[in-house]
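What follows is run-v8.cif (mmCIF, C-alpha atoms).
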data_coords
loop_
_atom_site.label_atom_id
_atom_site.label_comp_id
_atom_site.auth_asym_id
_atom_site.auth_seq_id
_atom_site.Cartn_x
_atom_site.Cartn_y
_atom_site.Cartn_z
CA GLY A 1 129.20 -37.78 -71.38
CA ALA A 2 130.36 -39.82 -68.44
CA GLY A 3 129.76 -37.27 -65.71
CA VAL A 4 126.98 -35.13 -64.29
CA SER A 5 126.31 -32.10 -66.42
CA GLN A 6 124.52 -28.90 -65.52
CA SER A 7 123.27 -26.02 -67.58
CA PRO A 8 123.64 -23.16 -67.83
CA SER A 9 127.02 -22.75 -66.16
CA ASN A 10 126.21 -19.15 -65.36
CA LYS A 11 122.88 -17.35 -65.14
CA VAL A 12 122.32 -13.69 -64.49
CA THR A 13 118.75 -12.62 -63.98
CA GLU A 14 116.76 -9.70 -62.65
CA LYS A 15 114.94 -9.79 -59.37
CA GLY A 16 111.42 -11.12 -59.84
CA LYS A 17 112.17 -13.26 -62.89
CA ASP A 18 111.81 -17.05 -62.96
CA VAL A 19 114.81 -19.28 -63.72
CA GLU A 20 115.23 -22.93 -64.61
CA LEU A 21 118.39 -24.88 -63.90
CA ARG A 22 119.00 -28.23 -65.52
CA CYS A 23 120.84 -31.33 -64.35
CA ASP A 24 121.72 -34.40 -66.41
CA PRO A 25 122.80 -37.18 -64.03
CA ILE A 26 125.03 -40.11 -64.82
CA SER A 27 123.10 -42.67 -66.84
CA GLY A 28 121.62 -45.35 -64.61
CA HIS A 29 121.92 -43.39 -61.38
CA THR A 30 118.64 -43.56 -59.52
CA ALA A 31 119.42 -40.98 -56.84
CA LEU A 32 119.66 -37.27 -57.63
CA TYR A 33 120.34 -34.40 -55.25
CA TRP A 34 120.22 -30.62 -55.51
CA TYR A 35 122.31 -28.45 -53.21
CA ARG A 36 122.85 -24.73 -52.86
CA GLN A 37 126.29 -23.36 -52.05
CA SER A 38 126.34 -19.80 -50.86
CA LEU A 39 129.51 -17.94 -50.01
CA GLY A 40 130.73 -19.13 -46.64
CA GLN A 41 127.64 -21.29 -46.07
CA GLY A 42 128.76 -24.73 -47.13
CA LEU A 43 126.40 -27.07 -48.91
CA GLU A 44 122.71 -26.64 -48.22
CA PHE A 45 120.56 -29.62 -49.14
CA LEU A 46 117.55 -28.67 -51.24
CA ILE A 47 115.82 -31.76 -52.63
CA TYR A 48 116.42 -35.46 -53.22
CA PHE A 49 114.95 -37.85 -55.79
CA GLN A 50 115.23 -41.63 -55.49
CA GLY A 51 113.77 -43.71 -58.28
CA ASN A 52 110.00 -43.54 -58.33
CA SER A 53 109.66 -42.61 -54.67
CA ALA A 54 108.23 -39.30 -53.57
CA PRO A 55 111.04 -36.74 -53.44
CA ASP A 56 112.38 -35.37 -50.17
CA LYS A 57 111.65 -31.67 -50.47
CA SER A 58 112.53 -30.84 -46.89
CA GLY A 59 115.41 -28.58 -47.85
CA LEU A 60 113.58 -26.27 -50.22
CA PRO A 61 113.80 -22.82 -48.59
CA SER A 62 110.45 -21.49 -49.80
CA ASP A 63 107.54 -22.28 -52.07
CA ARG A 64 109.26 -20.29 -54.80
CA PHE A 65 111.55 -23.29 -55.24
CA SER A 66 110.43 -26.46 -56.99
CA ALA A 67 112.06 -29.33 -58.83
CA GLU A 68 111.03 -32.20 -61.00
CA ARG A 69 112.70 -35.20 -62.47
CA THR A 70 111.33 -36.47 -65.73
CA GLY A 71 111.59 -40.12 -66.66
CA GLY A 72 113.89 -40.81 -63.76
CA SER A 73 116.72 -38.95 -65.47
CA VAL A 74 116.98 -35.22 -66.19
CA SER A 75 116.01 -32.86 -63.40
CA THR A 76 115.01 -29.21 -63.47
CA LEU A 77 115.18 -26.87 -60.50
CA THR A 78 112.87 -23.88 -60.88
CA ILE A 79 113.07 -20.70 -58.86
CA GLN A 80 110.12 -18.35 -59.25
CA ARG A 81 110.20 -14.62 -58.57
CA THR A 82 113.93 -14.70 -57.84
CA GLN A 83 115.33 -12.65 -54.98
CA GLN A 84 118.86 -11.39 -54.45
CA GLU A 85 119.35 -13.86 -51.62
CA ASP A 86 118.86 -16.67 -54.16
CA SER A 87 122.26 -15.81 -55.65
CA ALA A 88 124.47 -18.85 -55.15
CA VAL A 89 125.99 -21.83 -56.90
CA TYR A 90 123.45 -24.61 -57.39
CA LEU A 91 125.02 -28.06 -57.45
CA CYS A 92 123.48 -31.27 -58.65
CA ALA A 93 124.75 -34.73 -57.72
CA SER A 94 123.74 -38.25 -58.58
CA SER A 95 124.52 -41.65 -57.11
CA SER A 96 123.63 -45.20 -57.95
CA ARG A 97 121.66 -45.68 -54.74
CA GLN A 98 121.88 -43.68 -51.57
CA GLY A 99 123.74 -43.49 -48.31
CA THR A 100 126.95 -45.38 -48.84
CA ASP A 101 127.29 -44.61 -52.47
CA THR A 102 129.54 -41.88 -53.75
CA GLN A 103 127.77 -38.78 -54.99
CA TYR A 104 129.05 -37.52 -58.30
CA PHE A 105 128.71 -33.78 -58.60
CA GLY A 106 128.19 -31.58 -61.59
CA PRO A 107 130.18 -28.35 -62.01
CA GLY A 108 127.26 -26.26 -60.80
CA THR A 109 125.26 -23.32 -62.06
CA ARG A 110 126.25 -19.92 -60.72
CA LEU A 111 123.09 -17.85 -60.32
CA THR A 112 123.32 -14.10 -59.89
CA VAL A 113 120.16 -12.15 -59.17
CA LEU A 114 120.52 -8.42 -59.77
CA ALA B 1 119.29 -36.93 -36.62
CA GLN B 2 122.81 -36.30 -37.81
CA SER B 3 125.16 -33.37 -38.10
CA VAL B 4 128.72 -32.55 -39.03
CA THR B 5 131.05 -29.95 -37.54
CA GLN B 6 134.22 -28.91 -39.30
CA LEU B 7 136.54 -26.96 -37.04
CA GLY B 8 138.20 -24.11 -38.85
CA SER B 9 136.71 -22.60 -41.98
CA HIS B 10 140.23 -21.74 -43.17
CA VAL B 11 143.46 -23.65 -42.59
CA SER B 12 146.90 -22.59 -43.82
CA VAL B 13 149.90 -24.90 -43.99
CA SER B 14 153.33 -24.62 -45.52
CA GLU B 15 154.21 -26.77 -48.50
CA GLY B 16 155.59 -30.05 -47.17
CA ALA B 17 153.91 -29.71 -43.77
CA LEU B 18 151.30 -31.97 -42.26
CA VAL B 19 147.71 -31.34 -43.26
CA LEU B 20 145.08 -31.92 -40.57
CA LEU B 21 141.44 -31.03 -41.23
CA ARG B 22 139.07 -31.74 -38.40
CA CYS B 23 135.61 -33.26 -38.61
CA ASN B 24 133.29 -34.28 -35.80
CA TYR B 25 129.91 -35.80 -36.35
CA SER B 26 126.80 -36.75 -34.48
CA SER B 27 124.55 -39.58 -35.54
CA SER B 28 121.87 -41.60 -33.80
CA VAL B 29 122.98 -44.74 -35.65
CA PRO B 30 126.39 -45.92 -36.81
CA PRO B 31 127.49 -43.53 -39.53
CA TYR B 32 128.97 -43.67 -42.94
CA LEU B 33 131.53 -40.90 -43.31
CA PHE B 34 132.93 -39.11 -46.35
CA TRP B 35 135.43 -36.46 -47.31
CA TYR B 36 134.93 -34.56 -50.54
CA VAL B 37 137.21 -31.99 -52.16
CA GLN B 38 136.20 -29.03 -54.27
CA TYR B 39 138.72 -27.28 -56.48
CA PRO B 40 137.96 -23.73 -57.61
CA ASN B 41 135.01 -23.47 -59.99
CA GLN B 42 134.42 -27.21 -59.95
CA GLY B 43 131.97 -29.59 -58.36
CA LEU B 44 132.85 -31.81 -55.43
CA GLN B 45 134.67 -35.11 -55.83
CA LEU B 46 135.08 -37.93 -53.38
CA LEU B 47 138.42 -38.20 -51.55
CA LEU B 48 137.59 -41.18 -49.36
CA LYS B 49 134.80 -42.80 -47.40
CA TYR B 50 134.31 -45.03 -44.38
CA THR B 51 131.50 -47.55 -44.35
CA THR B 52 132.56 -50.60 -42.36
CA GLY B 53 135.73 -52.49 -41.53
CA ALA B 54 139.11 -50.85 -41.13
CA THR B 55 138.85 -47.53 -39.37
CA LEU B 56 141.84 -46.02 -41.18
CA VAL B 57 140.75 -45.18 -44.68
CA LYS B 58 143.10 -44.23 -47.48
CA GLY B 59 141.95 -42.03 -50.32
CA ILE B 60 143.24 -40.34 -53.39
CA ASN B 61 146.17 -37.91 -53.54
CA GLY B 62 147.80 -39.30 -50.39
CA PHE B 63 144.98 -38.35 -48.01
CA GLU B 64 143.72 -40.59 -45.26
CA ALA B 65 141.19 -40.37 -42.44
CA GLU B 66 140.59 -42.35 -39.29
CA PHE B 67 137.16 -43.11 -37.88
CA LYS B 68 137.27 -42.79 -34.10
CA LYS B 69 133.94 -43.79 -32.64
CA SER B 70 134.86 -42.82 -29.08
CA GLU B 71 135.71 -39.31 -30.22
CA THR B 72 132.99 -39.11 -32.89
CA SER B 73 135.66 -37.85 -35.24
CA PHE B 74 136.80 -38.44 -38.79
CA HIS B 75 139.80 -36.13 -39.24
CA LEU B 76 141.50 -35.88 -42.63
CA THR B 77 145.30 -35.94 -42.81
CA LYS B 78 148.10 -35.86 -45.32
CA PRO B 79 151.74 -36.12 -44.25
CA SER B 80 153.10 -33.55 -46.69
CA ALA B 81 151.10 -30.77 -48.27
CA HIS B 82 151.46 -29.99 -51.95
CA MET B 83 150.49 -26.78 -53.66
CA SER B 84 147.87 -28.69 -55.64
CA ASP B 85 146.08 -29.57 -52.39
CA ALA B 86 144.77 -26.01 -52.10
CA ALA B 87 141.00 -26.46 -52.26
CA GLU B 88 137.91 -26.63 -50.08
CA TYR B 89 137.26 -29.84 -48.19
CA PHE B 90 133.87 -31.08 -47.00
CA CYS B 91 133.15 -33.75 -44.45
CA ALA B 92 129.82 -35.58 -44.75
CA VAL B 93 127.84 -38.17 -42.80
CA SER B 94 124.94 -40.47 -43.58
CA PRO B 95 123.22 -43.08 -41.41
CA SER B 96 124.08 -46.70 -42.02
CA SER B 97 120.58 -47.91 -41.29
CA GLY B 98 117.07 -46.72 -41.61
CA GLY B 99 114.88 -46.34 -44.61
CA TYR B 100 116.26 -43.08 -45.90
CA GLN B 101 119.91 -42.26 -45.92
CA LYS B 102 120.33 -38.58 -46.61
CA VAL B 103 123.89 -37.29 -46.61
CA THR B 104 124.60 -34.24 -44.45
CA PHE B 105 127.58 -32.05 -45.31
CA GLY B 106 129.70 -29.84 -43.11
CA THR B 107 130.31 -26.20 -43.90
CA GLY B 108 133.69 -26.86 -45.42
CA THR B 109 137.33 -25.99 -44.70
CA LYS B 110 139.40 -24.01 -47.18
CA LEU B 111 142.98 -25.21 -47.27
CA GLN B 112 145.68 -22.75 -48.25
CA VAL B 113 149.15 -24.09 -49.00
CA ILE B 114 151.95 -21.58 -48.60
CA PRO B 115 155.07 -22.07 -50.72
#

For the structure just supplied, provide its representation as C-alpha coordinates.
Amino acid sequence: GAGVSQSPSNKVTEKGKDVELRCDPISGHTALYWYRQSLGQGLEFLIYFQGNSAPDKSGLPSDRFSAERTGGSVSTLTIQRTQQEDSAVYLCASSSRQGTDTQYFGPGTRLTVL
Amino acid sequence: AQSVTQLGSHVSVSEGALVLLRCNYSSSVPPYLFWYVQYPNQGLQLLLKYTTGATLVKGINGFEAEFKKSETSFHLTKPSAHMSDAAEYFCAVSPSSGGYQKVTFGTGTKLQVIP
(Lines of atoms letter the chains of each structure in order from A and count residues from 1; the text may use other names and numbers.)
(Lines give C-alpha, C1' and ligand atoms only; values in the text may rest on other atoms or scores of the structure.)
Protein backbone atom coordinates (compact mmCIF):
# COMPACT_ATOMS: atom_id res chain seq x y z
CA GLY A 1 0.00 0.00 0.00
CA ALA A 2 0.94 3.64 -0.27
CA GLY A 3 0.68 4.56 3.39
CA VAL A 4 2.06 3.51 6.75
CA SER A 5 0.38 0.40 8.05
CA GLN A 6 0.26 -0.95 11.58
CA SER A 7 -0.86 -4.24 13.00
CA PRO A 8 -2.79 -5.28 14.88
CA SER A 9 -5.29 -2.43 14.96
CA ASN A 10 -6.44 -3.51 18.40
CA LYS A 11 -4.74 -5.66 21.02
CA VAL A 12 -6.16 -6.76 24.32
CA THR A 13 -3.79 -8.53 26.65
CA GLU A 14 -3.49 -9.54 30.27
CA LYS A 15 -1.17 -7.84 32.69
CA GLY A 16 2.24 -9.47 32.64
CA LYS A 17 2.07 -10.73 29.05
CA ASP A 18 4.43 -9.59 26.29
CA VAL A 19 3.10 -7.88 23.16
CA GLU A 20 4.56 -7.04 19.77
CA LEU A 21 3.31 -4.20 17.63
CA ARG A 22 4.27 -3.95 13.98
CA CYS A 23 4.82 -0.99 11.69
CA ASP A 24 5.31 -1.05 7.92
CA PRO A 25 6.58 2.36 6.80
CA ILE A 26 6.24 3.92 3.40
CA SER A 27 8.68 2.30 1.00
CA GLY A 28 11.90 4.28 0.76
CA HIS A 29 11.39 6.26 3.95
CA THR A 30 14.55 6.15 6.01
CA ALA A 31 13.17 7.71 9.18
CA LEU A 32 10.73 5.86 11.44
CA TYR A 33 9.19 7.03 14.70
CA TRP A 34 7.13 5.40 17.43
CA TYR A 35 4.84 7.46 19.63
CA ARG A 36 2.44 6.66 22.44
CA GLN A 37 -0.85 8.52 22.73
CA SER A 38 -2.56 8.19 26.06
CA LEU A 39 -5.89 9.77 26.84
CA GLY A 40 -5.36 13.46 27.42
CA GLN A 41 -1.56 13.15 27.20
CA GLY A 42 -0.82 14.11 23.63
CA LEU A 43 1.91 12.39 21.69
CA GLU A 44 4.77 10.93 23.67
CA PHE A 45 7.90 10.21 21.66
CA LEU A 46 9.24 6.71 22.22
CA ILE A 47 11.98 5.87 19.72
CA TYR A 48 13.40 7.05 16.40
CA PHE A 49 15.25 5.16 13.67
CA GLN A 50 17.19 6.91 10.90
CA GLY A 51 18.81 4.74 8.27
CA ASN A 52 21.70 2.75 9.67
CA SER A 53 22.37 5.12 12.55
CA ALA A 54 21.95 4.07 16.15
CA PRO A 55 18.33 4.66 17.17
CA ASP A 56 17.33 7.40 19.58
CA LYS A 57 15.78 5.46 22.45
CA SER A 58 15.52 8.41 24.79
CA GLY A 59 11.74 8.28 24.94
CA LEU A 60 11.32 4.66 25.97
CA PRO A 61 9.64 4.80 29.40
CA SER A 62 11.26 1.69 30.87
CA ASP A 63 13.45 -1.26 29.99
CA ARG A 64 10.30 -3.27 29.35
CA PHE A 65 10.03 -1.39 26.06
CA SER A 66 12.24 -2.17 23.08
CA ALA A 67 12.07 -1.77 19.33
CA GLU A 68 13.93 -2.95 16.31
CA ARG A 69 13.90 -2.18 12.66
CA THR A 70 14.88 -4.97 10.33
CA GLY A 71 16.46 -4.25 6.98
CA GLY A 72 15.74 -0.56 7.31
CA SER A 73 12.04 -1.17 6.76
CA VAL A 74 9.59 -2.96 9.06
CA SER A 75 9.74 -2.10 12.75
CA THR A 76 8.50 -3.98 15.78
CA LEU A 77 7.81 -2.41 19.16
CA THR A 78 7.90 -4.95 21.98
CA ILE A 79 6.49 -4.41 25.44
CA GLN A 80 7.43 -7.04 27.99
CA ARG A 81 5.47 -7.82 31.15
CA THR A 82 2.73 -5.35 30.22
CA GLN A 83 1.20 -3.15 32.89
CA GLN A 84 -2.17 -1.42 32.91
CA GLU A 85 -0.48 1.95 32.49
CA ASP A 86 0.82 0.73 29.12
CA SER A 87 -2.72 0.93 27.75
CA ALA A 88 -2.67 3.54 24.99
CA VAL A 89 -2.66 4.00 21.25
CA TYR A 90 0.76 3.35 19.75
CA LEU A 91 1.42 5.35 16.59
CA CYS A 92 4.12 4.79 14.04
CA ALA A 93 5.25 7.41 11.53
CA SER A 94 7.79 7.51 8.75
CA SER A 95 9.43 10.29 6.78
CA SER A 96 11.88 10.46 3.94
CA ARG A 97 14.52 12.18 6.07
CA GLN A 98 14.03 14.06 9.29
CA GLY A 99 13.26 17.49 10.63
CA THR A 100 11.63 19.36 7.81
CA ASP A 101 10.02 16.39 6.22
CA THR A 102 6.40 15.52 6.77
CA GLN A 103 5.78 12.54 9.00
CA TYR A 104 3.24 10.12 7.63
CA PHE A 105 1.36 8.36 10.39
CA GLY A 106 -0.19 4.95 10.53
CA PRO A 107 -3.66 4.44 12.02
CA GLY A 108 -2.20 3.18 15.28
CA THR A 109 -2.55 0.12 17.47
CA ARG A 110 -4.88 0.44 20.43
CA LEU A 111 -3.42 -1.58 23.29
CA THR A 112 -5.57 -2.49 26.27
CA VAL A 113 -3.96 -4.21 29.23
CA LEU A 114 -6.47 -5.85 31.56
CA ALA B 1 16.08 22.07 23.68
CA GLN B 2 12.64 22.67 22.27
CA SER B 3 9.09 22.55 23.49
CA VAL B 4 5.57 23.31 22.36
CA THR B 5 2.65 24.69 24.35
CA GLN B 6 -0.89 24.52 23.04
CA LEU B 7 -3.24 26.75 24.97
CA GLY B 8 -6.59 25.13 25.51
CA SER B 9 -7.03 21.38 25.40
CA HIS B 10 -10.60 21.89 24.16
CA VAL B 11 -11.96 24.65 21.94
CA SER B 12 -15.58 25.02 20.85
CA VAL B 13 -16.74 27.23 17.99
CA SER B 14 -20.00 27.64 16.15
CA GLU B 15 -20.25 26.51 12.56
CA GLY B 16 -19.20 29.43 10.37
CA ALA B 17 -17.21 31.15 13.13
CA LEU B 18 -13.49 31.85 13.18
CA VAL B 19 -11.25 29.03 14.33
CA LEU B 20 -8.16 30.04 16.32
CA LEU B 21 -5.93 27.39 17.87
CA ARG B 22 -2.94 28.69 19.75
CA CYS B 23 0.60 27.34 19.69
CA ASN B 24 3.70 28.76 21.31
CA TYR B 25 7.09 27.19 21.03
CA SER B 26 10.55 27.45 22.44
CA SER B 27 13.64 26.51 20.50
CA SER B 28 17.32 27.27 20.89
CA VAL B 29 17.72 27.51 17.11
CA PRO B 30 15.37 28.73 14.39
CA PRO B 31 12.49 26.28 14.27
CA TYR B 32 10.55 24.39 11.72
CA LEU B 33 6.89 24.37 12.71
CA PHE B 34 4.03 22.04 11.85
CA TRP B 35 0.33 21.57 12.43
CA TYR B 36 -1.13 18.09 12.21
CA VAL B 37 -4.77 17.02 12.43
CA GLN B 38 -6.13 13.78 13.81
CA TYR B 39 -9.66 12.67 13.00
CA PRO B 40 -11.30 10.11 15.29
CA ASN B 41 -9.69 6.68 15.15
CA GLN B 42 -7.15 7.77 12.58
CA GLY B 43 -3.48 8.65 12.54
CA LEU B 44 -2.22 12.20 12.22
CA GLN B 45 -1.94 13.99 8.90
CA LEU B 46 -0.09 17.16 8.03
CA LEU B 47 -2.14 20.36 7.71
CA LEU B 48 0.72 22.75 7.00
CA LYS B 49 4.32 23.48 7.85
CA TYR B 50 6.69 26.42 8.06
CA THR B 51 10.33 25.95 7.15
CA THR B 52 11.68 29.15 5.63
CA GLY B 53 10.41 32.08 3.58
CA ALA B 54 6.92 33.48 3.87
CA THR B 55 5.73 33.53 7.44
CA LEU B 56 2.07 33.06 6.52
CA VAL B 57 1.59 29.46 5.55
CA LYS B 58 -1.50 28.08 3.87
CA GLY B 59 -2.52 24.48 4.31
CA ILE B 60 -5.25 22.10 3.40
CA ASN B 61 -8.96 22.56 4.12
CA GLY B 62 -8.69 26.36 4.30
CA PHE B 63 -6.38 26.47 7.33
CA GLU B 64 -3.46 28.82 7.64
CA ALA B 65 -0.86 29.70 10.27
CA GLU B 66 1.49 32.59 10.77
CA PHE B 67 4.99 32.26 12.18
CA LYS B 68 5.67 35.18 14.52
CA LYS B 69 9.24 35.02 15.74
CA SER B 70 8.87 37.93 18.16
CA GLU B 71 5.95 36.18 19.86
CA THR B 72 7.34 32.64 19.44
CA SER B 73 3.94 31.68 18.13
CA PHE B 74 2.46 29.67 15.29
CA HIS B 75 -1.31 29.97 15.74
CA LEU B 76 -3.64 28.07 13.42
CA THR B 77 -6.67 29.86 11.96
CA LYS B 78 -9.57 29.25 9.64
CA PRO B 79 -12.05 32.01 8.79
CA SER B 80 -15.16 29.84 8.87
CA ALA B 81 -15.51 26.58 10.76
CA HIS B 82 -17.14 23.59 9.14
CA MET B 83 -18.58 20.59 10.92
CA SER B 84 -15.94 18.42 9.27
CA ASP B 85 -13.21 20.40 11.06
CA ALA B 86 -14.07 18.69 14.34
CA ALA B 87 -10.86 16.84 15.21
CA GLU B 88 -7.77 17.07 17.38
CA TYR B 89 -5.00 19.39 16.27
CA PHE B 90 -1.33 19.08 17.18
CA CYS B 91 1.36 21.70 16.87
CA ALA B 92 4.94 20.46 16.48
CA VAL B 93 8.44 21.94 16.32
CA SER B 94 11.81 20.72 15.15
CA PRO B 95 15.17 22.50 15.02
CA SER B 96 16.34 23.77 11.66
CA SER B 97 19.97 23.02 12.37
CA GLY B 98 22.02 20.58 14.30
CA GLY B 99 22.81 17.00 13.64
CA TYR B 100 19.57 15.49 14.88
CA GLN B 101 16.22 17.00 14.22
CA LYS B 102 13.67 15.34 16.45
CA VAL B 103 10.13 16.65 16.19
CA THR B 104 8.42 17.60 19.45
CA PHE B 105 4.62 17.61 19.58
CA GLY B 106 2.27 19.61 21.75
CA THR B 107 -0.43 17.96 23.82
CA GLY B 108 -3.14 18.70 21.30
CA THR B 109 -6.32 20.77 21.10
CA LYS B 110 -9.68 19.14 20.47
CA LEU B 111 -11.88 21.30 18.29
CA GLN B 112 -15.63 20.99 18.65
CA VAL B 113 -17.84 22.61 16.03
CA ILE B 114 -21.35 23.42 17.17
CA PRO B 115 -24.09 23.49 14.53

Target residues per the PyMOL selection byres ((chain B) within 6 of (chain A)), formatted as a list in words: Gln42, Gly43, Leu44, Ser94, Gln101, Thr107 and Gly108 of chain B

Test item: the PyMOL selection byres ((chain B and resi 19) around 10) resolved as a VMD selection string: chain B and resid 11 to 18 20 to 22 63 76 to 82 85 111 113

Target residues per the PyMOL selection byres ((chain B and resi 64) around 10), formatted as a list in words: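 Residues picked by the PyMOL selection byres ((chain B and resi 64) around 10): Leu20, Trp35, Leu47, Leu48, Lys49, Leu56, Val57, Lys58, Gly59, Ile60, Asn61, Gly62, Phe63, Ala65, Glu66, Phe74, His75, Leu76, Thr77, Lys78 and Pro79 of chain B.
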
Mind writing the picked residues with C-alpha atoms as a tab-separated table (two decimals), keeping the file's coordinate frame?
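File produced: out.tsv:
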chain	number	residue	atom	x	y	z
B	20	LEU	CA	145.08	-31.92	-40.57
B	35	TRP	CA	135.43	-36.46	-47.31
B	47	LEU	CA	138.42	-38.20	-51.55
B	48	LEU	CA	137.59	-41.18	-49.36
B	49	LYS	CA	134.80	-42.80	-47.40
B	56	LEU	CA	141.84	-46.02	-41.18
B	57	VAL	CA	140.75	-45.18	-44.68
B	58	LYS	CA	143.10	-44.23	-47.48
B	59	GLY	CA	141.95	-42.03	-50.32
B	60	ILE	CA	143.24	-40.34	-53.39
B	61	ASN	CA	146.17	-37.91	-53.54
B	62	GLY	CA	147.80	-39.30	-50.39
B	63	PHE	CA	144.98	-38.35	-48.01
B	65	ALA	CA	141.19	-40.37	-42.44
B	66	GLU	CA	140.59	-42.35	-39.29
B	74	PHE	CA	136.80	-38.44	-38.79
B	75	HIS	CA	139.80	-36.13	-39.24
B	76	LEU	CA	141.50	-35.88	-42.63
B	77	THR	CA	145.30	-35.94	-42.81
B	78	LYS	CA	148.10	-35.86	-45.32
B	79	PRO	CA	151.74	-36.12	-44.25

Computed interatomic separation between CA of Lys68 in chain B and CA of Gly106 in chain B (Å):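 Rounded to one decimal, the two atoms are 17.5 Å apart.
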
Exercise: Ser96 in chain A partners within 7 Å, only C-alpha atoms, chain neighbours under 5 positions left out, as a ChimeraX atom specification: /A:28-31,101

Top pick for closest residue to Ala92 in chain B, considering B:Ser27, B:Ser70, B:Thr52, B:Asn41 and counting only C-alpha atoms: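 Closest candidate: B:Ser27.
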
Length of the CA of Arg36 in chain A to CA of Ser73 in chain A vector [Å]: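 So the answer is 20.0 Å.
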
For CA of Ser95 in chain A and CA of Tyr35 in chain A, the interatomic separation in Å (one decimal): 13.9 Å

Of the listed residues A:Ile47, A:Ala67, A:Val74, A:Ala54, that which approaches Ser27 in chain A most closely, counting all atoms listed in the file: A:Val74

Selection near Ser3 in chain B, 8 Å with all atoms listed in the file, sequence-local residues under 6 positions removed, as a list of chain:residue names: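 Skipping anything fewer than 6 positions along the chain leaves B:Tyr25, B:Ser26, B:Ser27, B:Val93, B:Thr104, B:Phe105, B:Gly106.
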
Residue among B:Gln6, B:Pro40, B:Ser84, B:Phe34 lying closest to Thr109 in chain B, counting all atoms listed in the file: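 Going through B:Gln6, B:Pro40, B:Ser84, B:Phe34 one by one, the smallest distance to Thr109 in chain B is for B:Gln6.
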